[in-house]
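> Here you go, this is final.txt (compact mmCIF, C-alpha atoms and all ligand atoms).
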```txt
# COMPACT_ATOMS: atom_id res chain seq x y z
CA MET A 5 104.39 129.21 95.05
CA THR A 6 101.27 130.40 93.26
CA GLU A 7 99.59 133.49 94.65
CA SER A 8 96.90 132.45 97.12
CA PRO A 9 95.14 134.29 99.93
CA PHE A 10 95.75 131.18 102.07
CA GLY A 11 98.92 129.66 103.48
CA ALA A 12 100.49 127.27 105.96
CA THR A 13 98.35 128.33 108.90
CA SER A 14 95.01 128.54 107.09
CA THR A 15 92.39 126.03 108.21
CA THR A 16 89.75 124.07 106.29
CA ASP A 17 87.04 126.50 107.41
CA ASP A 18 89.16 129.52 106.38
CA VAL A 19 89.56 128.08 102.89
CA LEU A 20 85.88 127.11 102.52
CA ALA A 21 84.45 130.21 104.23
CA ASP A 22 82.87 131.66 101.07
CA ILE A 23 82.25 128.36 99.30
CA ASP A 24 78.88 126.61 99.01
CA LEU A 25 79.21 122.98 97.95
CA SER A 26 75.47 122.25 97.95
CA GLY A 27 74.58 119.82 95.17
CA HIS A 28 78.15 118.46 95.06
CA VAL A 29 79.13 114.91 95.98
CA ALA A 30 82.56 114.28 97.50
CA ALA A 31 84.14 110.92 98.33
CA VAL A 32 86.96 110.82 100.90
CA THR A 33 89.09 107.72 101.52
CA GLY A 34 90.51 107.23 104.98
CA GLY A 35 87.55 109.21 106.27
CA THR A 36 87.64 107.53 109.67
CA GLY A 37 90.36 109.61 111.29
CA GLY A 38 93.10 112.22 111.02
CA LEU A 39 93.07 114.40 107.93
CA GLY A 40 90.35 112.41 106.14
CA LEU A 41 87.81 112.85 108.91
CA GLU A 42 88.49 116.61 109.02
CA THR A 43 88.29 116.83 105.22
CA GLY A 44 84.94 115.01 105.24
CA ARG A 45 83.66 117.18 108.07
CA ALA A 46 84.65 120.42 106.38
CA LEU A 47 83.20 119.47 102.99
CA ALA A 48 79.92 118.35 104.61
CA ALA A 49 79.79 121.51 106.75
CA HIS A 50 79.94 123.55 103.55
CA GLY A 51 77.07 121.70 101.91
CA ALA A 52 78.56 118.70 100.07
CA HIS A 53 77.08 115.24 100.30
CA VAL A 54 80.05 113.24 101.58
CA VAL A 55 80.82 109.57 101.02
CA LEU A 56 83.16 108.63 103.85
CA ALA A 57 85.15 105.55 102.84
CA GLY A 58 87.13 103.38 105.25
CA ARG A 59 87.97 99.78 105.95
CA ASP A 60 86.33 99.45 109.37
CA ALA A 61 82.52 99.71 109.60
CA ASP A 62 82.58 100.61 113.32
CA LYS A 63 85.09 103.42 112.77
CA LEU A 64 82.99 104.67 109.85
CA ALA A 65 79.87 104.80 112.03
CA ALA A 66 81.80 106.65 114.75
CA ALA A 67 83.18 109.14 112.19
CA GLN A 68 79.72 109.77 110.76
CA ALA A 69 78.32 110.31 114.27
CA ALA A 70 81.20 112.66 115.19
CA ILE A 71 80.52 114.85 112.16
CA ARG A 72 76.76 114.85 112.80
CA ASP A 73 77.42 115.89 116.43
CA GLN A 74 79.03 119.05 115.09
CA HIS A 75 76.80 119.57 112.06
CA GLY A 76 73.35 118.08 112.62
CA ASP A 77 72.31 118.53 108.99
CA ALA A 78 75.47 117.03 107.47
CA SER A 79 74.69 114.73 104.53
CA ILE A 80 76.98 111.71 104.88
CA GLU A 81 76.97 108.11 103.78
CA THR A 82 79.62 105.54 104.62
CA LEU A 83 81.30 103.01 102.38
CA VAL A 84 83.52 100.07 103.26
CA LEU A 85 86.76 100.21 101.25
CA ASP A 86 89.85 98.19 102.14
CA LEU A 87 92.72 99.41 100.00
CA THR A 88 94.83 96.31 100.67
CA ASP A 89 92.17 94.28 98.84
CA ILE A 90 91.75 95.09 95.14
CA ALA A 91 88.40 93.27 94.99
CA SER A 92 87.15 95.52 97.84
CA CYS A 93 88.31 98.61 95.89
CA ARG A 94 86.34 97.53 92.82
CA VAL A 95 83.24 96.59 94.83
CA ALA A 96 83.34 99.92 96.71
CA ALA A 97 83.58 101.85 93.44
CA MET A 98 80.60 99.92 92.01
CA SER A 99 78.65 100.57 95.21
CA LEU A 100 79.31 104.32 94.97
CA LEU A 101 78.15 104.25 91.35
CA THR A 102 74.85 102.66 92.36
CA THR A 103 74.13 105.04 95.24
CA ASN A 104 75.22 108.31 93.59
CA ASP A 105 74.39 109.78 90.22
CA ARG A 106 77.20 112.32 90.40
CA LEU A 107 80.70 112.67 91.85
CA ASP A 108 82.39 116.05 91.90
CA LEU A 109 85.32 115.57 94.28
CA LEU A 110 87.34 112.42 94.83
CA ILE A 111 89.77 112.81 97.71
CA ASN A 112 92.22 109.90 97.83
CA ASN A 113 93.46 110.56 101.34
CA ALA A 114 93.93 107.19 103.07
CA GLY A 115 97.47 106.05 103.65
CA VAL A 116 99.93 104.04 105.65
CA MET A 117 103.48 105.07 106.48
CA CYS A 118 106.61 103.20 107.33
CA THR A 119 105.00 99.80 107.68
CA PRO A 120 107.21 96.81 108.42
CA PHE A 121 107.82 94.76 105.27
CA GLY A 122 104.61 93.09 104.16
CA ARG A 123 102.52 92.20 101.17
CA THR A 124 98.86 92.67 100.31
CA PRO A 125 96.82 89.56 99.41
CA SER A 126 97.70 90.27 95.74
CA GLY A 127 101.42 90.25 96.58
CA PHE A 128 101.99 94.01 96.35
CA GLU A 129 104.36 95.63 98.87
CA THR A 130 102.06 97.12 101.55
CA GLN A 131 102.78 100.85 101.14
CA PHE A 132 102.81 100.74 97.32
CA GLY A 133 99.73 98.50 97.36
CA VAL A 134 97.63 100.61 99.75
CA ASN A 135 98.80 104.14 98.96
CA HIS A 136 98.97 103.78 95.17
CA LEU A 137 97.56 100.58 93.62
CA GLY A 138 94.47 100.33 95.86
CA HIS A 139 93.61 103.95 95.13
CA MET A 140 94.12 103.41 91.41
CA ALA A 141 91.85 100.34 91.42
CA TRP A 142 89.12 102.37 93.14
CA THR A 143 89.60 105.55 91.08
CA VAL A 144 89.61 104.23 87.51
CA PRO A 145 85.99 102.93 87.60
CA LEU A 146 84.88 106.35 88.92
CA LEU A 147 86.43 108.43 86.12
CA ASP A 148 83.42 108.30 83.86
CA LEU A 149 81.07 109.55 86.62
CA LEU A 150 83.54 112.31 87.55
CA SER A 151 83.64 113.39 83.93
CA ARG A 152 79.85 113.31 83.53
CA SER A 153 79.49 115.45 86.68
CA ALA A 154 81.83 118.18 85.42
CA THR A 155 80.69 121.42 83.83
CA ALA A 156 82.73 124.11 82.13
CA ASP A 157 82.35 126.33 85.23
CA SER A 158 82.88 123.54 87.72
CA PRO A 159 85.36 120.83 86.73
CA SER A 160 85.44 117.71 88.87
CA ARG A 161 88.59 117.12 90.92
CA ILE A 162 90.73 114.20 92.02
CA ILE A 163 93.03 115.08 94.91
CA ASN A 164 95.69 112.51 95.85
CA LEU A 165 97.36 112.86 99.24
CA SER A 166 101.09 112.66 98.71
CA SER A 167 103.78 113.89 101.08
CA ALA A 168 107.06 115.77 101.28
CA GLY A 169 108.18 112.21 102.01
CA HIS A 170 108.14 111.65 98.23
CA ARG A 171 111.72 112.92 98.58
CA PHE A 172 112.67 109.75 100.45
CA GLY A 173 112.49 107.72 97.26
CA ASP A 174 111.79 107.82 93.55
CA ILE A 175 109.77 104.92 92.28
CA ASP A 176 111.64 101.85 91.10
CA LEU A 177 109.58 101.01 88.02
CA GLU A 178 111.44 97.72 87.57
CA ASP A 179 110.89 96.49 91.12
CA PRO A 180 108.11 98.47 92.83
CA ASN A 181 107.20 95.54 95.07
CA TYR A 182 110.64 94.88 96.55
CA GLU A 183 111.10 91.46 94.98
CA HIS A 184 114.78 91.98 94.10
CA ARG A 185 116.09 94.60 96.54
CA PRO A 186 116.32 95.01 100.31
CA TYR A 187 113.32 96.69 101.93
CA ASP A 188 113.62 100.11 103.55
CA GLU A 189 110.50 101.55 105.26
CA TRP A 190 111.20 105.19 104.37
CA GLU A 191 112.24 104.51 100.80
CA ALA A 192 109.06 102.44 100.31
CA TYR A 193 106.92 105.24 101.77
CA GLY A 194 108.78 107.68 99.49
CA GLN A 195 108.14 105.66 96.35
CA SER A 196 104.45 105.23 97.20
CA LYS A 197 104.12 108.99 97.74
CA THR A 198 106.04 109.66 94.50
CA ALA A 199 103.53 107.33 92.83
CA ASN A 200 100.69 109.51 94.19
CA VAL A 201 102.17 112.56 92.41
CA LEU A 202 102.87 110.68 89.16
CA PHE A 203 99.32 109.29 89.27
CA SER A 204 97.99 112.87 89.48
CA VAL A 205 100.16 113.94 86.52
CA GLU A 206 98.93 111.07 84.33
CA LEU A 207 95.29 111.46 85.44
CA GLU A 208 95.50 115.10 84.38
CA ARG A 209 96.80 114.09 80.94
CA ARG A 210 94.12 111.45 80.48
CA VAL A 211 90.99 113.00 81.96
CA GLY A 212 91.86 116.70 82.37
CA PRO A 213 90.49 117.35 78.86
CA LEU A 214 87.26 115.57 79.93
CA GLY A 215 86.72 118.08 82.76
CA VAL A 216 88.37 116.14 85.61
CA ARG A 217 91.31 118.05 87.09
CA SER A 218 93.84 116.30 89.34
CA ALA A 219 96.44 117.35 91.85
CA ALA A 220 98.68 115.90 94.55
CA VAL A 221 98.86 117.44 98.01
CA HIS A 222 101.45 117.55 100.78
CA PRO A 223 99.43 118.47 103.90
CA GLY A 224 102.39 119.43 106.13
CA GLY A 225 103.50 117.67 109.32
CA ILE A 226 100.52 116.86 111.54
CA HIS A 227 100.21 114.67 114.64
CA THR A 228 97.78 111.93 113.58
CA ASP A 229 97.75 108.13 113.76
CA LEU A 230 99.94 107.95 110.66
CA GLY A 231 102.99 107.27 112.82
CA ARG A 232 101.41 104.15 114.35
CA HIS A 233 103.96 101.83 112.68
CA MET A 234 107.02 103.85 113.68
CA THR A 235 109.44 102.25 116.09
CA PRO A 236 111.51 104.61 118.29
CA GLU A 237 114.45 103.92 115.94
CA VAL A 238 112.45 104.87 112.85
CA LEU A 239 111.16 108.01 114.60
CA THR A 240 114.77 109.03 115.27
CA GLN A 241 115.52 108.56 111.56
CA LEU A 242 112.56 110.80 110.68
CA LYS A 243 113.71 113.54 113.05
CA ALA A 244 117.18 113.39 111.48
CA ARG A 245 115.67 113.75 107.98
CA ILE A 246 113.55 116.73 109.06
CA ALA A 247 116.62 118.34 110.66
CA GLN A 248 118.57 117.82 107.41
CA THR A 249 116.05 119.77 105.33
CA ASN A 250 115.34 122.32 108.07
CA PRO A 251 118.82 123.19 109.35
CA ASP A 252 117.49 126.38 110.95
CA GLY A 253 115.00 124.38 112.98
CA ASP A 254 112.09 126.23 111.39
CA PHE A 255 109.84 123.16 111.09
CA SER A 256 106.35 123.72 112.53
CA TRP A 257 103.71 121.10 113.10
CA LYS A 258 100.22 121.93 111.84
CA SER A 259 96.89 121.31 113.53
CA ILE A 260 94.59 118.82 111.79
CA PRO A 261 92.33 121.59 110.32
CA GLN A 262 95.47 123.33 109.02
CA GLY A 263 96.76 120.03 107.62
CA ALA A 264 93.53 119.30 105.73
CA ALA A 265 93.34 122.88 104.41
CA THR A 266 95.52 122.26 101.36
CA THR A 267 93.31 119.32 100.37
CA VAL A 268 90.11 121.39 100.42
CA TRP A 269 91.95 124.29 98.77
CA ALA A 270 93.06 122.03 95.91
CA ALA A 271 89.52 120.62 95.69
CA THR A 272 87.93 124.03 95.25
CA THR A 273 90.40 126.67 94.04
CA PRO A 274 89.91 128.21 90.60
CA VAL A 275 93.71 128.06 90.28
CA LEU A 276 93.52 124.34 89.50
CA ALA A 277 90.70 124.80 87.00
CA ALA A 278 93.31 126.46 84.82
CA ARG A 279 96.46 124.53 85.77
CA ALA A 280 96.38 121.03 87.23
CA GLY A 281 98.51 117.88 87.36
CA VAL A 282 100.48 119.77 90.00
CA TYR A 283 101.74 119.24 93.57
CA CYS A 284 100.31 121.57 96.20
CA GLU A 285 101.44 122.52 99.69
CA ASP A 286 100.50 125.27 102.15
CA CYS A 287 97.40 126.12 100.06
CA GLY A 288 99.36 126.87 96.89
CA VAL A 289 100.98 125.18 93.92
CA ALA A 290 104.57 124.21 94.76
CA GLU A 291 107.61 124.81 92.59
CA VAL A 292 109.66 121.96 91.15
CA SER A 293 112.92 121.81 93.12
CA ASP A 294 115.68 119.23 93.20
CA ASP A 295 117.66 121.16 95.81
CA PRO A 296 118.41 118.51 98.47
CA THR A 297 118.41 121.14 101.22
CA ALA A 298 115.03 122.65 100.25
CA SER A 299 112.21 122.02 102.70
CA ALA A 300 109.49 122.71 100.13
CA GLY A 301 108.71 121.93 96.52
CA VAL A 302 108.34 118.79 94.46
CA GLN A 303 111.16 116.70 93.02
CA SER A 304 111.32 116.66 89.21
CA TYR A 305 111.20 112.84 89.13
CA ALA A 306 107.73 112.99 90.71
CA VAL A 307 106.24 115.17 87.96
CA ASP A 308 108.00 113.61 84.95
CA PRO A 309 105.26 112.97 82.36
CA GLN A 310 107.07 110.02 80.77
CA ARG A 311 107.51 108.27 84.13
CA ALA A 312 103.89 109.06 84.95
CA ALA A 313 102.72 107.33 81.77
CA THR A 314 104.99 104.34 82.42
CA LEU A 315 103.77 104.01 86.01
CA TRP A 316 100.16 104.03 84.77
CA ASP A 317 100.85 101.22 82.31
CA ARG A 318 102.85 99.15 84.85
CA SER A 319 100.15 99.66 87.48
CA MET A 320 97.38 98.57 85.11
CA GLU A 321 99.38 95.43 84.33
CA MET A 322 99.76 94.70 88.04
CA LEU A 323 96.06 95.34 88.73
CA ALA A 324 95.10 93.03 85.89
CA THR A 325 96.73 90.18 87.86
CA ALA A 326 94.98 91.06 91.14
N1 LIG A 401 100.04 113.41 109.09
C1 LIG A 401 101.05 113.88 108.39
O1 LIG A 401 101.98 114.56 108.93
C2 LIG A 401 101.13 113.64 106.92
C3 LIG A 401 102.23 114.17 106.21
C4 LIG A 401 102.32 113.95 104.86
C5 LIG A 401 101.34 113.22 104.21
N2 LIG A 401 100.31 112.69 104.90
C6 LIG A 401 99.31 111.89 104.16
O2 LIG A 401 98.02 112.25 104.55
C7 LIG A 401 97.13 111.14 104.42
C8 LIG A 401 96.26 111.01 105.67
O3 LIG A 401 97.12 110.69 106.74
P1 LIG A 401 96.75 110.98 108.26
O4 LIG A 401 97.87 111.76 108.81
O5 LIG A 401 95.38 111.47 108.41
O6 LIG A 401 96.88 109.48 108.86
P2 LIG A 401 95.92 108.61 109.78
O7 LIG A 401 95.40 109.41 110.90
O8 LIG A 401 96.70 107.37 110.07
O9 LIG A 401 94.71 108.28 108.80
C9 LIG A 401 94.89 107.38 107.74
C10 LIG A 401 93.55 106.91 107.26
O10 LIG A 401 93.78 105.93 106.22
C11 LIG A 401 93.03 104.77 106.52
N3 LIG A 401 93.62 103.55 106.00
C12 LIG A 401 94.82 103.00 106.28
N4 LIG A 401 94.96 101.83 105.64
C13 LIG A 401 93.82 101.63 104.94
C14 LIG A 401 93.34 100.61 104.10
N5 LIG A 401 94.06 99.49 103.85
N6 LIG A 401 92.12 100.73 103.53
C15 LIG A 401 91.35 101.82 103.78
N7 LIG A 401 91.74 102.82 104.58
C16 LIG A 401 92.95 102.73 105.16
C17 LIG A 401 92.99 104.74 108.04
O11 LIG A 401 91.97 103.86 108.47
P3 LIG A 401 92.19 102.89 109.77
O12 LIG A 401 92.09 103.80 110.94
O13 LIG A 401 91.10 101.89 109.65
O14 LIG A 401 93.56 102.31 109.64
C18 LIG A 401 92.72 106.20 108.34
O15 LIG A 401 91.35 106.51 108.15
C19 LIG A 401 98.02 109.92 104.14
O16 LIG A 401 97.93 109.60 102.75
C20 LIG A 401 99.41 110.40 104.48
O17 LIG A 401 100.41 109.76 103.72
C21 LIG A 401 100.17 112.89 106.24
```
Kindly return the structure encoded in the file as structure tokens.

Amino acid sequence: MTESPFGATSTTDDVLADIDLSGHVAAVTGGTGGLGLETGRALAAHGAHVVLAGRDADKLAAAQAAIRDQHGDASIETLVLDLTDIASCRVAAMSLLTTNDRLDLLINNAGVMCTPFGRTPSGFETQFGVNHLGHMAWTVPLLDLLSRSATADSPSRIINLSSAGHRFGDIDLEDPNYEHRPYDEWEAYGQSKTANVLFSVELERRVGPLGVRSAAVHPGGIHTDLGRHMTPEVLTQLKARIAQTNPDGDFSWKSIPQGAATTVWAATTPVLAARAGVYCEDCGVAEVSDDPTASAGVQSYAVDPQRAATLWDRSMEMLATA
């Protein structure tokens, strides 16, 4: 891990304590609950204008009100974005471009986990479609604004929420949408979270030199609504997987402010201004590790630059049909 004054138990407010984000604009997907709501709250509390994006207008209004209850002067706008619907992703991006003349931080946080087999209206497998392709469709039109908002002292950032669950599956570049292989909920979550890391690697190659730095984040294990699709059987499988990589039983759940801390760390740390396209956890940059018993680190397949470039091209082809 990179040296950092923060770690697994640091909270969003610890990380942002000495940081003033006034004048910065941050967009957060999945801003209606869990880690996204806390990320939006913390960024707004430290001066950023926050665009909270989510698919449900009522939940967005409630999230905005909840933040304003805590921080009366928070500057927040809401934006409807349904990541299952590629047209909605493009419309939301265009809407952000008309209401904001800068964008400094793009936090691609929304996600689904372990959904039963399903397809988006464009025919993409649900987890790959929402967690990766929807975010890509929304991000690409925003790259130019992110680049124009960057300065030498303050590069823009794109932070993609991945997961230690990227270990559950590499991406199948030949069949990402489960057209020719049996579906497995965990493997599909794993490949979508691997895609989030590869997307960060390729974004860094493409727009890092234009002042937009990218990183993937594993937030830790946090009790949120993410488990809403888990059956008792699937939950048992998850516990078995955690036990496998934590044989000493040293797994600790994080609070929501601790879980969102790595996101806001990655969004603001000078460490990433010098070295990005990386995977972060516990408020630091993780090592690459293919040790199957390791409980931390990123698998080498998730940071492979060639696979990252291939995924980008395959994804653009898929989005062109949507
Ligand atoms: N919690 C953990 O332990 C953990 C661990 C590793 C990684 N992560 C990652 O952290 C991120 C945030 O997860 P969380 O724990 O905060 O989960 P959460 O409480 O379930 O929040 C997920 C957010 O994503 C939104 N979302 C889901 N589908 C969407 C769609 N089609 N379009 C737009 N928004 C959509 C949800 O909105 P609705 O309420 O409208 O559905 C919600 O705001 C995810 O990417 C997840 O993979 C979490």
> Around ligand LIG 401 (chain A), at most 6 Å away and counting all atoms listed in the file, which residues are there? Put them as a PDB file with C-alpha atoms, in the coordinates of the input, please.

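Final file, part.pdb:
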```
ATOM      1  CA  GLY A  34      90.510 107.230 104.980  1.00  0.00           C
ATOM      2  CA  GLY A  35      87.550 109.210 106.270  1.00  0.00           C
ATOM      3  CA  THR A  36      87.640 107.530 109.670  1.00  0.00           C
ATOM      4  CA  GLY A  37      90.360 109.610 111.290  1.00  0.00           C
ATOM      5  CA  GLY A  38      93.100 112.220 111.020  1.00  0.00           C
ATOM      6  CA  LEU A  39      93.070 114.400 107.930  1.00  0.00           C
ATOM      7  CA  GLY A  40      90.350 112.410 106.140  1.00  0.00           C
ATOM      8  CA  GLY A  58      87.130 103.380 105.250  1.00  0.00           C
ATOM      9  CA  ARG A  59      87.970  99.780 105.950  1.00  0.00           C
ATOM     10  CA  ASP A  60      86.330  99.450 109.370  1.00  0.00           C
ATOM     11  CA  LEU A  85      86.760 100.210 101.250  1.00  0.00           C
ATOM     12  CA  ASP A  86      89.850  98.190 102.140  1.00  0.00           C
ATOM     13  CA  LEU A  87      92.720  99.410 100.000  1.00  0.00           C
ATOM     14  CA  THR A  88      94.830  96.310 100.670  1.00  0.00           C
ATOM     15  CA  ASN A 113      93.460 110.560 101.340  1.00  0.00           C
ATOM     16  CA  ALA A 114      93.930 107.190 103.070  1.00  0.00           C
ATOM     17  CA  GLY A 115      97.470 106.050 103.650  1.00  0.00           C
ATOM     18  CA  VAL A 116      99.930 104.040 105.650  1.00  0.00           C
ATOM     19  CA  VAL A 134      97.630 100.610  99.750  1.00  0.00           C
ATOM     20  CA  LEU A 165      97.360 112.860  99.240  1.00  0.00           C
ATOM     21  CA  SER A 166     101.090 112.660  98.710  1.00  0.00           C
ATOM     22  CA  SER A 167     103.780 113.890 101.080  1.00  0.00           C
ATOM     23  CA  HIS A 222     101.450 117.550 100.780  1.00  0.00           C
ATOM     24  CA  PRO A 223      99.430 118.470 103.900  1.00  0.00           C
ATOM     25  CA  GLY A 224     102.390 119.430 106.130  1.00  0.00           C
ATOM     26  CA  GLY A 225     103.500 117.670 109.320  1.00  0.00           C
ATOM     27  CA  ILE A 226     100.520 116.860 111.540  1.00  0.00           C
ATOM     28  CA  HIS A 227     100.210 114.670 114.640  1.00  0.00           C
ATOM     29  CA  THR A 228      97.780 111.930 113.580  1.00  0.00           C
ATOM     30  CA  ASP A 229      97.750 108.130 113.760  1.00  0.00           C
ATOM     31  CA  LEU A 230      99.940 107.950 110.660  1.00  0.00           C
TER      32      LEU A 230
END
```
> Point out the residue among A:Met98, A:Ala264, A:Ala91, A:Ala270 with the least atom-to-atom distance to A:Leu110, counting only C-alpha atoms.
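When distances to A:Leu110 are compared using only C-alpha atoms, the smallest one comes from A:Ala270.
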> Using all atoms listed in the file, find the one residue out of A:Asp17, A:Asp317, A:Glu42, A:Asp295 that sits nearest to A:Leu177.
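Counting all atoms listed in the file, the residue closest to A:Leu177 is A:Asp317.
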> Tell me, as an MDAnalysis selection string, which residues lie within 8 Å of A:Thr267, counting only C-alpha atoms; anything in the same chain fewer than 5 positions away does not count.
chainID A and resid 43 111 163 165 221 223 287
> Quick one: residues within 12 Å of A:Asp89, only C-alpha atoms, excluding same-chain residues fewer than 2 positions away - as a list in words?
Arg59, Val84, Leu85, Asp86, Leu87, Ala91, Ser92, Cys93, Arg94, Val95, Ala96, Arg123, Thr124, Pro125, Ser126, Gly127, Phe128, Thr130, Gly133, Val134, Asn135, Leu137, Gly138, His139, Met140, Ala141, Trp142, Leu323 and Ala326 of chain A
> Extract, using all atoms listed in the file, all DNA, RNA and protein residues at most 9 Å from A:Asp174, discarding same-chain residues fewer than 4 positions from it, and format them as a VMD selection string.
chain A and resid 170 191 194 to 199 303 305 to 306
> Could you save those same residues with C-alpha atoms as a PDB file, keeping the file's coordinate frame?

```
ATOM      1  CA  HIS A 170     108.140 111.650  98.230  1.00  0.00           C
ATOM      2  CA  GLU A 191     112.240 104.510 100.800  1.00  0.00           C
ATOM      3  CA  GLY A 194     108.780 107.680  99.490  1.00  0.00           C
ATOM      4  CA  GLN A 195     108.140 105.660  96.350  1.00  0.00           C
ATOM      5  CA  SER A 196     104.450 105.230  97.200  1.00  0.00           C
ATOM      6  CA  LYS A 197     104.120 108.990  97.740  1.00  0.00           C
ATOM      7  CA  THR A 198     106.040 109.660  94.500  1.00  0.00           C
ATOM      8  CA  ALA A 199     103.530 107.330  92.830  1.00  0.00           C
ATOM      9  CA  GLN A 303     111.160 116.700  93.020  1.00  0.00           C
ATOM     10  CA  TYR A 305     111.200 112.840  89.130  1.00  0.00           C
ATOM     11  CA  ALA A 306     107.730 112.990  90.710  1.00  0.00           C
TER      12      ALA A 306
END
```
> What's the separation between atom CA of A:Thr15 and atom CA of A:Asp73, in Å to one decimal place?
19.9 Å
> For atom CA of A:Thr102 and atom CA of A:Arg209, quote the distance in Å rounded to one decimal.
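Between atom CA of A:Thr102 and atom CA of A:Arg209 the gap is 27.3 Å.
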> Calculated over only C-alpha atoms, which of the candidates A:Ala219, A:Ala57, A:Val282, A:Ala66 has the smallest distance to A:Gly301?
A:Val282
> Kindly indicate which residue among A:Ala312, A:Ile23, A:Ala192, A:Val275 lies nearest to A:Arg171, using all atoms listed in the file for the distances.
A:Ala192
> How far is it from atom CA of A:Gly169 to atom CA of A:Ala31, in Å with one decimal?
24.4 Å
> Residues within 7 Å of A:Cys118, please, as a PyMOL selection string. Count only C-alpha atoms; anything in the same chain fewer than 5 positions from it doesn't count.
chain A and resi 189-190+193+233-234
> Return the single residue from A:Phe10, A:Phe121, A:Tyr283, A:Phe203 that is closest to A:Met320, with distances computed using only C-alpha atoms.
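Closest residue, counting only C-alpha atoms: A:Phe203.
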> With distances taken over only C-alpha atoms, which of A:Asp286, A:Pro186, A:Ser151, A:Ala67 is nearest to A:Lys258?
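Closest to A:Lys258, using only C-alpha atoms: A:Asp286.
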> If you count all atoms listed in the file, which residues fall within 8 Å of A:Leu20, apart from same-chain ones fewer than 3 positions away, as a PyMOL selection string?
chain A and resi 16-17+23-24+46+50+268-269
> Any chance you can output those residues with C-alpha atoms as an mmCIF file, keeping the file's coordinate frame?

```
data_model
loop_
_atom_site.group_PDB
_atom_site.id
_atom_site.type_symbol
_atom_site.label_atom_id
_atom_site.label_comp_id
_atom_site.auth_asym_id
_atom_site.auth_seq_id
_atom_site.Cartn_x
_atom_site.Cartn_y
_atom_site.Cartn_z
ATOM 1 C CA THR A 16 89.750 124.070 106.290
ATOM 2 C CA ASP A 17 87.040 126.500 107.410
ATOM 3 C CA ILE A 23 82.250 128.360 99.300
ATOM 4 C CA ASP A 24 78.880 126.610 99.010
ATOM 5 C CA ALA A 46 84.650 120.420 106.380
ATOM 6 C CA HIS A 50 79.940 123.550 103.550
ATOM 7 C CA VAL A 268 90.110 121.390 100.420
ATOM 8 C CA TRP A 269 91.950 124.290 98.770
#
```
